[in-house]
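K.L.:
Have a look at the structure that comes next, please.
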Amino acid sequence: MSVVDFARFVDELATQSGQAILPFFRAAFATEDKAAGHAAFDPVTEADRAGEAVMRRLIAASFPDHGILGEEFGAERADADYVWVLDPIDGTRAFIAGLPTWGTLIGLTRGGVPCYGLMNQPFTGERFYGDGEAAHCQGPHGTRRLLTRRKGELSEAVLHTTDPRLFGPGDREAYDRVEGAARLARYGADCYAYAMLAAGHIDLVVEAGLKPYDIVAMIPVIEGAGGVVTTWEGTSAAKGGRIVAAGDKRLHAAALALLNS
């Protein structure tokens, strides 16, 4: 498949999933708690399932040999060379609150390594995408190259995490060390925070407990914009877990030092 055809196909995934999801946004819809009272509220909606279902149908029709890993419907052909990693609504809590800080994550791995990613925010009309070598944003004001901000000092950094209460014992203390050293901390943006890091507005994102579908799509975007994203141990972030992303290698090293001190 040519590069042009591939780009067109991923755009179609974003368009079709957005059309399935948007009618539910800021409307009445059913919400379930996947945690069933055993952990922090973990919502899933009709919109999540509708968005993933349409993407799975398109992938199966165009790439029947490819694997799929999705948040709502699990894994198919997970041992395939190419695997699509999908999160129809990353930021479901924001979605049900009517806040536009959610997005649809569409990632592709080859041999387990993220090679392409796109985050679609259909309500704001923005798409952030990259292949690890370059990254771009397409939105109401056109298309532009994404470049991270070069901030090497934690004392100058804007830090983000979705919610400090999501960290477990020990991890919360480690995160607090980083927040205490940063200039500014903000909460609640989920995947949109990673997009803002790639765009040069946020310098550092620290999270824990992520699944592959929460992060795979954003790895090629962040790296293509000049940033770095790993686990807290400095290894590949492709399997999720405890994640730290930074716009600058020096800042990433400083955050790792505090997280592991």
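To be explicit about the labels: the chains of the structure tokens are called A, B, and onward in the order shown, and within each one the residues are counted from 1, while ligands get numbers from 1 in the order they are shown.
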Could you pull the residues within 10 Å of A:Phe73, counting only C-alpha atoms, minus those fewer than 2 positions along the same chain, as a PyMOL selection string?
P.N.:
chain A and resi 49+52-53+56+68-71+75-76+86
K.L.:
Selection from above, N, CA and C atoms, as a tab-separated table (two decimals), in the first residue's frame, can you write it?
P.N.:
chain	number	residue	atom	x	y	z
A	49	ARG	N	-17.99	2.02	22.27
A	49	ARG	CA	-18.19	0.78	21.51
A	49	ARG	C	-18.49	1.06	20.04
A	52	GLU	N	-15.13	2.09	18.22
A	52	GLU	CA	-14.20	0.99	17.98
A	52	GLU	C	-14.76	0.02	16.96
A	53	ALA	N	-16.06	-0.23	17.00
A	53	ALA	CA	-16.67	-1.19	16.07
A	53	ALA	C	-16.47	-0.75	14.62
A	56	ARG	N	-12.82	-1.31	13.57
A	56	ARG	CA	-12.52	-2.73	13.36
A	56	ARG	C	-13.06	-3.22	12.02
A	68	ILE	N	-5.52	-6.63	15.65
A	68	ILE	CA	-6.18	-5.48	16.28
A	68	ILE	C	-6.18	-5.68	17.79
A	69	LEU	N	-5.81	-4.63	18.51
A	69	LEU	CA	-5.95	-4.59	19.97
A	69	LEU	C	-6.74	-3.34	20.30
A	70	GLY	N	-7.94	-3.54	20.82
A	70	GLY	CA	-8.79	-2.41	21.17
A	70	GLY	C	-9.23	-2.45	22.61
A	71	GLU	N	-9.49	-1.28	23.18
A	71	GLU	CA	-9.89	-1.23	24.59
A	71	GLU	C	-11.20	-1.94	24.83
A	75	ALA	N	-8.40	-8.35	21.76
A	75	ALA	CA	-7.37	-8.61	20.75
A	75	ALA	C	-7.82	-9.63	19.72
A	76	GLU	N	-7.42	-9.41	18.47
A	76	GLU	CA	-7.57	-10.36	17.38
A	76	GLU	C	-6.23	-10.44	16.65
A	86	LEU	N	-6.13	0.45	19.27
A	86	LEU	CA	-7.22	1.41	19.19
A	86	LEU	C	-7.81	1.75	20.57
K.L.:
Going by DSSP on the backbone, which residues of stretch 55-203 of chain A come out as strand (DSSP E or B)? List them as JSON, numbers by chain.
P.N.:
{"A": [67, 68, 69, 70, 74, 75, 76, 82, 83, 84, 85, 86, 87, 88, 89, 90, 103, 104, 105, 106, 107, 108, 109, 110, 113, 114, 115, 116, 117, 118, 119, 120, 121, 126, 127, 128, 129, 130, 135, 136, 137, 138, 139, 142, 143, 144, 145, 158, 159, 160, 161, 184, 185, 186, 187]}
K.L.:
Quick one: residues within 12 Å of A:Ala47, only C-alpha atoms counted, chain neighbours fewer than 3 positions away excluded, as a tab-separated table (two decimals) with N, CA, C and O atoms, in the first residue's frame?
P.N.:
chain	number	residue	atom	x	y	z
A	17	SER	N	-14.85	6.91	12.69
A	17	SER	CA	-15.03	6.76	14.14
A	17	SER	C	-15.56	8.05	14.75
A	17	SER	O	-16.41	8.02	15.65
A	18	GLY	N	-15.08	9.20	14.25
A	18	GLY	CA	-15.59	10.47	14.76
A	18	GLY	C	-17.07	10.64	14.48
A	18	GLY	O	-17.82	11.13	15.33
A	19	GLN	N	-17.51	10.21	13.31
A	19	GLN	CA	-18.94	10.31	12.97
A	19	GLN	C	-19.79	9.39	13.85
A	19	GLN	O	-20.95	9.69	14.14
A	20	ALA	N	-19.21	8.26	14.28
A	20	ALA	CA	-19.94	7.36	15.18
A	20	ALA	C	-20.00	7.89	16.60
A	20	ALA	O	-20.98	7.66	17.33
A	21	ILE	N	-18.96	8.61	17.01
A	21	ILE	CA	-18.84	9.05	18.41
A	21	ILE	C	-19.54	10.39	18.67
A	21	ILE	O	-20.22	10.57	19.68
A	22	LEU	N	-19.37	11.35	17.77
A	22	LEU	CA	-19.81	12.72	18.04
A	22	LEU	C	-21.29	12.88	18.39
A	22	LEU	O	-21.64	13.73	19.21
A	23	PRO	N	-22.21	12.09	17.80
A	23	PRO	CA	-23.62	12.26	18.18
A	23	PRO	C	-23.89	12.03	19.67
A	23	PRO	O	-24.90	12.51	20.19
A	24	PHE	N	-23.00	11.31	20.35
A	24	PHE	CA	-23.19	11.04	21.77
A	24	PHE	C	-22.62	12.16	22.65
A	24	PHE	O	-22.98	12.26	23.83
A	25	PHE	N	-21.71	12.97	22.11
A	25	PHE	CA	-21.03	13.96	22.94
A	25	PHE	C	-21.98	15.08	23.33
A	25	PHE	O	-22.67	15.65	22.49
A	26	ARG	N	-22.02	15.37	24.62
A	26	ARG	CA	-22.93	16.37	25.20
A	26	ARG	C	-24.39	16.03	24.91
A	26	ARG	O	-25.22	16.93	24.71
A	27	ALA	N	-24.67	14.74	24.89
A	27	ALA	CA	-26.03	14.25	24.70
A	27	ALA	C	-26.32	13.21	25.78
A	27	ALA	O	-25.45	12.85	26.57
A	28	ALA	N	-27.53	12.72	25.83
A	28	ALA	CA	-27.91	11.68	26.80
A	28	ALA	C	-27.50	10.32	26.26
A	28	ALA	O	-27.80	9.98	25.12
A	29	PHE	N	-26.77	9.55	27.06
A	29	PHE	CA	-26.36	8.22	26.66
A	29	PHE	C	-26.10	7.38	27.90
A	29	PHE	O	-25.91	7.90	29.00
A	30	ALA	N	-26.08	6.07	27.71
A	30	ALA	CA	-25.86	5.16	28.83
A	30	ALA	C	-24.37	5.05	29.15
A	30	ALA	O	-23.52	5.07	28.27
A	31	THR	N	-24.07	4.95	30.45
A	31	THR	CA	-22.69	4.79	30.93
A	31	THR	C	-22.62	3.61	31.88
A	31	THR	O	-23.47	3.47	32.77
A	32	GLU	N	-21.62	2.76	31.69
A	32	GLU	CA	-21.38	1.63	32.58
A	32	GLU	C	-20.04	1.81	33.27
A	32	GLU	O	-19.16	2.50	32.77
A	43	PRO	N	-15.38	4.33	33.39
A	43	PRO	CA	-16.59	4.33	32.57
A	43	PRO	C	-16.38	3.84	31.14
A	43	PRO	O	-15.31	3.97	30.57
A	44	VAL	N	-17.45	3.28	30.58
A	44	VAL	CA	-17.50	2.96	29.16
A	44	VAL	C	-18.89	3.34	28.68
A	44	VAL	O	-19.87	3.20	29.41
A	50	ALA	N	-19.28	2.09	19.77
A	50	ALA	CA	-19.60	2.42	18.38
A	50	ALA	C	-18.36	2.85	17.62
A	50	ALA	O	-18.15	2.46	16.46
A	51	GLY	N	-17.51	3.66	18.25
A	51	GLY	CA	-16.30	4.12	17.60
A	51	GLY	C	-15.33	3.01	17.29
A	51	GLY	O	-14.75	2.95	16.18
A	52	GLU	N	-15.13	2.09	18.22
A	52	GLU	CA	-14.20	0.99	17.98
A	52	GLU	C	-14.76	0.02	16.96
A	52	GLU	O	-14.01	-0.50	16.11
A	53	ALA	N	-16.06	-0.23	17.00
A	53	ALA	CA	-16.67	-1.19	16.07
A	53	ALA	C	-16.47	-0.75	14.62
A	53	ALA	O	-16.14	-1.57	13.75
A	54	VAL	N	-16.66	0.52	14.33
A	54	VAL	CA	-16.52	0.98	12.95
A	54	VAL	C	-15.07	0.89	12.49
A	54	VAL	O	-14.79	0.54	11.33
A	72	GLU	N	-12.16	-1.82	23.92
A	72	GLU	CA	-13.51	-2.32	24.19
A	72	GLU	C	-13.73	-3.76	23.78
A	72	GLU	O	-14.51	-4.46	24.41
A	87	ASP	N	-8.02	3.02	20.79
A	87	ASP	CA	-8.80	3.49	21.94
A	87	ASP	C	-9.81	4.49	21.39
A	87	ASP	O	-9.45	5.62	21.06
A	88	PRO	N	-11.06	4.09	21.25
A	88	PRO	CA	-12.04	4.97	20.59
A	88	PRO	C	-12.26	6.29	21.32
A	88	PRO	O	-12.47	7.32	20.68
A	89	ILE	N	-12.26	6.25	22.65
A	89	ILE	CA	-12.35	7.49	23.43
A	89	ILE	C	-11.36	7.40	24.57
A	89	ILE	O	-11.63	6.76	25.61
A	90	ASP	N	-10.21	7.99	24.40
A	90	ASP	CA	-9.26	8.11	25.50
A	90	ASP	C	-9.63	9.39	26.24
A	90	ASP	O	-9.54	10.49	25.69
A	92	THR	N	-12.62	9.05	28.61
A	92	THR	CA	-14.07	8.87	28.71
A	92	THR	C	-14.67	9.69	29.85
A	92	THR	O	-15.80	10.18	29.74
A	95	PHE	N	-15.24	12.95	28.46
A	95	PHE	CA	-16.32	12.85	27.48
A	95	PHE	C	-17.68	12.93	28.16
A	95	PHE	O	-18.56	13.68	27.72
A	96	ILE	N	-17.87	12.16	29.22
A	96	ILE	CA	-19.18	12.15	29.87
A	96	ILE	C	-19.45	13.45	30.64
A	96	ILE	O	-20.59	13.77	30.94
A	103	GLY	N	-9.94	12.08	23.05
A	103	GLY	CA	-9.58	11.88	21.66
A	103	GLY	C	-9.65	10.41	21.29
A	103	GLY	O	-9.69	9.54	22.16
A	104	THR	N	-9.67	10.14	20.00
A	104	THR	CA	-9.63	8.78	19.49
A	104	THR	C	-8.19	8.46	19.12
A	104	THR	O	-7.57	9.20	18.34
K.L.:
Among stretch 24-119 of chain A, which residues carry a DSSP assignment of alpha helix (DSSP H), reported as an mmCIF file with N, CA, C and O atoms, in the first residue's frame?
P.N.:
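File written: part-v4.cif
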data_model
loop_
_atom_site.group_PDB
_atom_site.id
_atom_site.type_symbol
_atom_site.label_atom_id
_atom_site.label_comp_id
_atom_site.auth_asym_id
_atom_site.auth_seq_id
_atom_site.Cartn_x
_atom_site.Cartn_y
_atom_site.Cartn_z
ATOM 1 N N GLU A 46 -21.800 3.919 25.144
ATOM 2 C CA GLU A 46 -22.194 3.465 23.814
ATOM 3 C C GLU A 46 -21.278 4.055 22.752
ATOM 4 O O GLU A 46 -20.996 3.422 21.722
ATOM 5 N N ALA A 47 -20.800 5.261 22.983
ATOM 6 C CA ALA A 47 -19.933 5.927 22.017
ATOM 7 C C ALA A 47 -18.599 5.204 21.879
ATOM 8 O O ALA A 47 -18.067 5.073 20.769
ATOM 9 N N ASP A 48 -18.031 4.740 23.010
ATOM 10 C CA ASP A 48 -16.778 3.982 22.955
ATOM 11 C C ASP A 48 -16.931 2.769 22.039
ATOM 12 O O ASP A 48 -16.093 2.511 21.166
ATOM 13 N N ARG A 49 -17.992 2.016 22.267
ATOM 14 C CA ARG A 49 -18.190 0.776 21.514
ATOM 15 C C ARG A 49 -18.487 1.059 20.039
ATOM 16 O O ARG A 49 -17.995 0.359 19.151
ATOM 17 N N ALA A 50 -19.275 2.090 19.766
ATOM 18 C CA ALA A 50 -19.599 2.423 18.380
ATOM 19 C C ALA A 50 -18.356 2.853 17.618
ATOM 20 O O ALA A 50 -18.149 2.457 16.458
ATOM 21 N N GLY A 51 -17.510 3.656 18.251
ATOM 22 C CA GLY A 51 -16.295 4.124 17.597
ATOM 23 C C GLY A 51 -15.325 3.010 17.287
ATOM 24 O O GLY A 51 -14.747 2.951 16.184
ATOM 25 N N GLU A 52 -15.130 2.094 18.224
ATOM 26 C CA GLU A 52 -14.201 0.990 17.980
ATOM 27 C C GLU A 52 -14.761 0.019 16.956
ATOM 28 O O GLU A 52 -14.009 -0.502 16.108
ATOM 29 N N ALA A 53 -16.062 -0.229 16.999
ATOM 30 C CA ALA A 53 -16.669 -1.186 16.074
ATOM 31 C C ALA A 53 -16.473 -0.752 14.621
ATOM 32 O O ALA A 53 -16.140 -1.574 13.755
ATOM 33 N N VAL A 54 -16.658 0.525 14.331
ATOM 34 C CA VAL A 54 -16.518 0.977 12.946
ATOM 35 C C VAL A 54 -15.072 0.894 12.492
ATOM 36 O O VAL A 54 -14.786 0.537 11.334
ATOM 37 N N MET A 55 -14.119 1.167 13.380
ATOM 38 C CA MET A 55 -12.709 1.051 13.004
ATOM 39 C C MET A 55 -12.321 -0.394 12.749
ATOM 40 O O MET A 55 -11.595 -0.704 11.792
ATOM 41 N N ARG A 56 -12.816 -1.313 13.566
ATOM 42 C CA ARG A 56 -12.516 -2.728 13.359
ATOM 43 C C ARG A 56 -13.060 -3.219 12.020
ATOM 44 O O ARG A 56 -12.396 -3.991 11.317
ATOM 45 N N ARG A 57 -14.245 -2.773 11.657
ATOM 46 C CA ARG A 57 -14.822 -3.198 10.380
ATOM 47 C C ARG A 57 -13.973 -2.712 9.205
ATOM 48 O O ARG A 57 -13.717 -3.456 8.252
ATOM 49 N N LEU A 58 -13.535 -1.476 9.261
ATOM 50 C CA LEU A 58 -12.727 -0.921 8.175
ATOM 51 C C LEU A 58 -11.379 -1.627 8.072
ATOM 52 O O LEU A 58 -10.904 -1.924 6.965
ATOM 53 N N ILE A 59 -10.742 -1.891 9.212
ATOM 54 C CA ILE A 59 -9.442 -2.577 9.198
ATOM 55 C C ILE A 59 -9.589 -3.995 8.663
ATOM 56 O O ILE A 59 -8.793 -4.452 7.829
ATOM 57 N N ALA A 60 -10.599 -4.712 9.117
ATOM 58 C CA ALA A 60 -10.809 -6.088 8.671
ATOM 59 C C ALA A 60 -11.060 -6.155 7.163
ATOM 60 O O ALA A 60 -10.605 -7.083 6.483
ATOM 61 N N ALA A 61 -11.759 -5.161 6.628
ATOM 62 C CA ALA A 61 -12.056 -5.150 5.199
ATOM 63 C C ALA A 61 -10.832 -4.822 4.364
ATOM 64 O O ALA A 61 -10.652 -5.357 3.263
ATOM 65 N N SER A 62 -9.955 -3.944 4.862
ATOM 66 C CA SER A 62 -8.799 -3.501 4.087
ATOM 67 C C SER A 62 -7.530 -4.289 4.369
ATOM 68 O O SER A 62 -6.699 -4.474 3.475
ATOM 69 N N THR A 92 -12.624 9.046 28.611
ATOM 70 C CA THR A 92 -14.074 8.870 28.709
ATOM 71 C C THR A 92 -14.667 9.691 29.849
ATOM 72 O O THR A 92 -15.799 10.179 29.745
ATOM 73 N N ARG A 93 -13.918 9.878 30.928
ATOM 74 C CA ARG A 93 -14.425 10.697 32.033
ATOM 75 C C ARG A 93 -14.679 12.127 31.568
ATOM 76 O O ARG A 93 -15.685 12.748 31.922
ATOM 77 N N ALA A 94 -13.737 12.673 30.781
ATOM 78 C CA ALA A 94 -13.936 14.011 30.221
ATOM 79 C C ALA A 94 -15.111 14.008 29.249
ATOM 80 O O ALA A 94 -15.918 14.956 29.226
ATOM 81 N N PHE A 95 -15.236 12.950 28.463
ATOM 82 C CA PHE A 95 -16.318 12.847 27.483
ATOM 83 C C PHE A 95 -17.678 12.926 28.157
ATOM 84 O O PHE A 95 -18.559 13.681 27.718
ATOM 85 N N ILE A 96 -17.869 12.164 29.224
ATOM 86 C CA ILE A 96 -19.178 12.149 29.871
ATOM 87 C C ILE A 96 -19.446 13.445 30.641
ATOM 88 O O ILE A 96 -20.593 13.767 30.942
#
K.L.:
Hey, what's within 7 Å of A:Gly132 if we count only C-alpha atoms and toss same-chain stuff fewer than 5 positions away? As a JSON list (two decimals) with C-alpha atoms, in the first residue's frame, please?
P.N.:
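Dumped everything to result_39.json:
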[["chain", "number", "residue", "atom", "x", "y", "z"],
["A", 115, "CYS", "CA", 5.42, 2.92, 13.73],
["A", 220, "PRO", "CA", 5.30, 8.11, 17.10],
["A", 221, "VAL", "CA", 3.70, 11.56, 17.46],
["A", 223, "GLU", "CA", 9.05, 11.09, 18.96],
["A", 224, "GLY", "CA", 8.31, 12.61, 15.55]]
K.L.:
Determine the nearest neighbour of A:Gly241 from the options A:Gly74, A:Gly209, A:Gly168, A:Gly130, counting only C-alpha atoms.
P.N.:
A:Gly209
K.L.:
For atom CA of A:Leu210 and atom CA of A:Ser155, quote the distance in Å rounded to one decimal.
P.N.:
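Going from atom CA of A:Leu210 over to atom CA of A:Ser155, I get 26.2 Å.
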K.L.:
Given only C-alpha atoms as the basis, pick out the residue of A:Asp65, A:Asp81, A:Glu233, A:Glu179 nearest to A:Val158.
P.N.:
A:Glu179
K.L.:
When you look at A:Ala245 with a cut-off of 6 Å (counting only C-alpha atoms), what residues show up, excluding the ones that are within fewer than 4 positions of it in the same chain? I need them as a ChimeraX atom specification.
P.N.:
/A:204-205,228-229
K.L.:
Excluding A:Asp79 and residues on its chain fewer than 6 positions from it, collect all residues at most 10 Å away from it, counting only C-alpha atoms, and give them as a PyMOL selection string.
P.N.:
chain A and resi 66-68+111-112
K.L.:
Restricting the output to N, CA and C atoms, write the selected residues as an mmCIF file, in the first residue's frame.
P.N.:
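selection_15.cif written:
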data_model
loop_
_atom_site.group_PDB
_atom_site.id
_atom_site.type_symbol
_atom_site.label_atom_id
_atom_site.label_comp_id
_atom_site.auth_asym_id
_atom_site.auth_seq_id
_atom_site.Cartn_x
_atom_site.Cartn_y
_atom_site.Cartn_z
ATOM 1 N N HIS A 66 -3.974 -8.174 9.303
ATOM 2 C CA HIS A 66 -3.466 -7.365 10.407
ATOM 3 C C HIS A 66 -4.160 -7.746 11.714
ATOM 4 N N GLY A 67 -3.460 -7.561 12.808
ATOM 5 C CA GLY A 67 -4.052 -7.759 14.121
ATOM 6 C C GLY A 67 -4.698 -6.483 14.625
ATOM 7 N N ILE A 68 -5.523 -6.631 15.647
ATOM 8 C CA ILE A 68 -6.184 -5.482 16.282
ATOM 9 C C ILE A 68 -6.178 -5.678 17.795
ATOM 10 N N GLY A 111 5.959 -5.539 14.328
ATOM 11 C CA GLY A 111 6.845 -6.315 15.176
ATOM 12 C C GLY A 111 6.843 -5.836 16.613
ATOM 13 N N GLY A 112 5.732 -5.306 17.052
ATOM 14 C CA GLY A 112 5.601 -4.819 18.428
ATOM 15 C C GLY A 112 6.103 -3.411 18.647
#
K.L.:
Return the single residue from A:Ala78, A:Leu13, A:Val83, A:Ala181 that is closest to A:Ala254, with distances computed using only C-alpha atoms.
P.N.:
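Among A:Ala78, A:Leu13, A:Val83, A:Ala181, it is A:Ala181 that comes nearest to A:Ala254.
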K.L.:
Could you check which of A:Gly152, A:Gly180, A:Gly188, A:Gly117 is closest to A:Cys137, using only C-alpha atoms?
P.N.:
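The shortest atom-to-atom distance to A:Cys137 comes from A:Gly117.
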K.L.:
List the neighbours of A:His141 out to 12 Å using only C-alpha atoms; skip same-chain residues closer than 5 positions along the sequence, and give me the result as a list in words.
P.N.:
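In the requested format, the answer is Thr124, Gly125, Glu126 and Arg127 of chain A.
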K.L.:
Residues of the last selection are to be written out with N, CA, C and O atoms, as an mmCIF file, in the first residue's frame.
P.N.:
data_model
loop_
_atom_site.group_PDB
_atom_site.id
_atom_site.type_symbol
_atom_site.label_atom_id
_atom_site.label_comp_id
_atom_site.auth_asym_id
_atom_site.auth_seq_id
_atom_site.Cartn_x
_atom_site.Cartn_y
_atom_site.Cartn_z
ATOM 1 N N THR A 124 -13.206 19.376 18.165
ATOM 2 C CA THR A 124 -12.423 20.579 17.877
ATOM 3 C C THR A 124 -11.881 20.584 16.447
ATOM 4 O O THR A 124 -11.336 21.598 15.996
ATOM 5 N N GLY A 125 -12.001 19.448 15.750
ATOM 6 C CA GLY A 125 -11.521 19.361 14.382
ATOM 7 C C GLY A 125 -10.019 19.278 14.260
ATOM 8 O O GLY A 125 -9.438 19.763 13.277
ATOM 9 N N GLU A 126 -9.364 18.636 15.224
ATOM 10 C CA GLU A 126 -7.902 18.531 15.226
ATOM 11 C C GLU A 126 -7.456 17.078 15.085
ATOM 12 O O GLU A 126 -8.058 16.179 15.674
ATOM 13 N N ARG A 127 -6.381 16.883 14.328
ATOM 14 C CA ARG A 127 -5.737 15.577 14.220
ATOM 15 C C ARG A 127 -4.236 15.765 14.403
ATOM 16 O O ARG A 127 -3.622 16.610 13.743
#
K.L.:
To one decimal place, how far is atom CA of A:Leu146 from atom CA of A:Ile222 in Å?
P.N.:
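Going from atom CA of A:Leu146 over to atom CA of A:Ile222, I get 8.7 Å.
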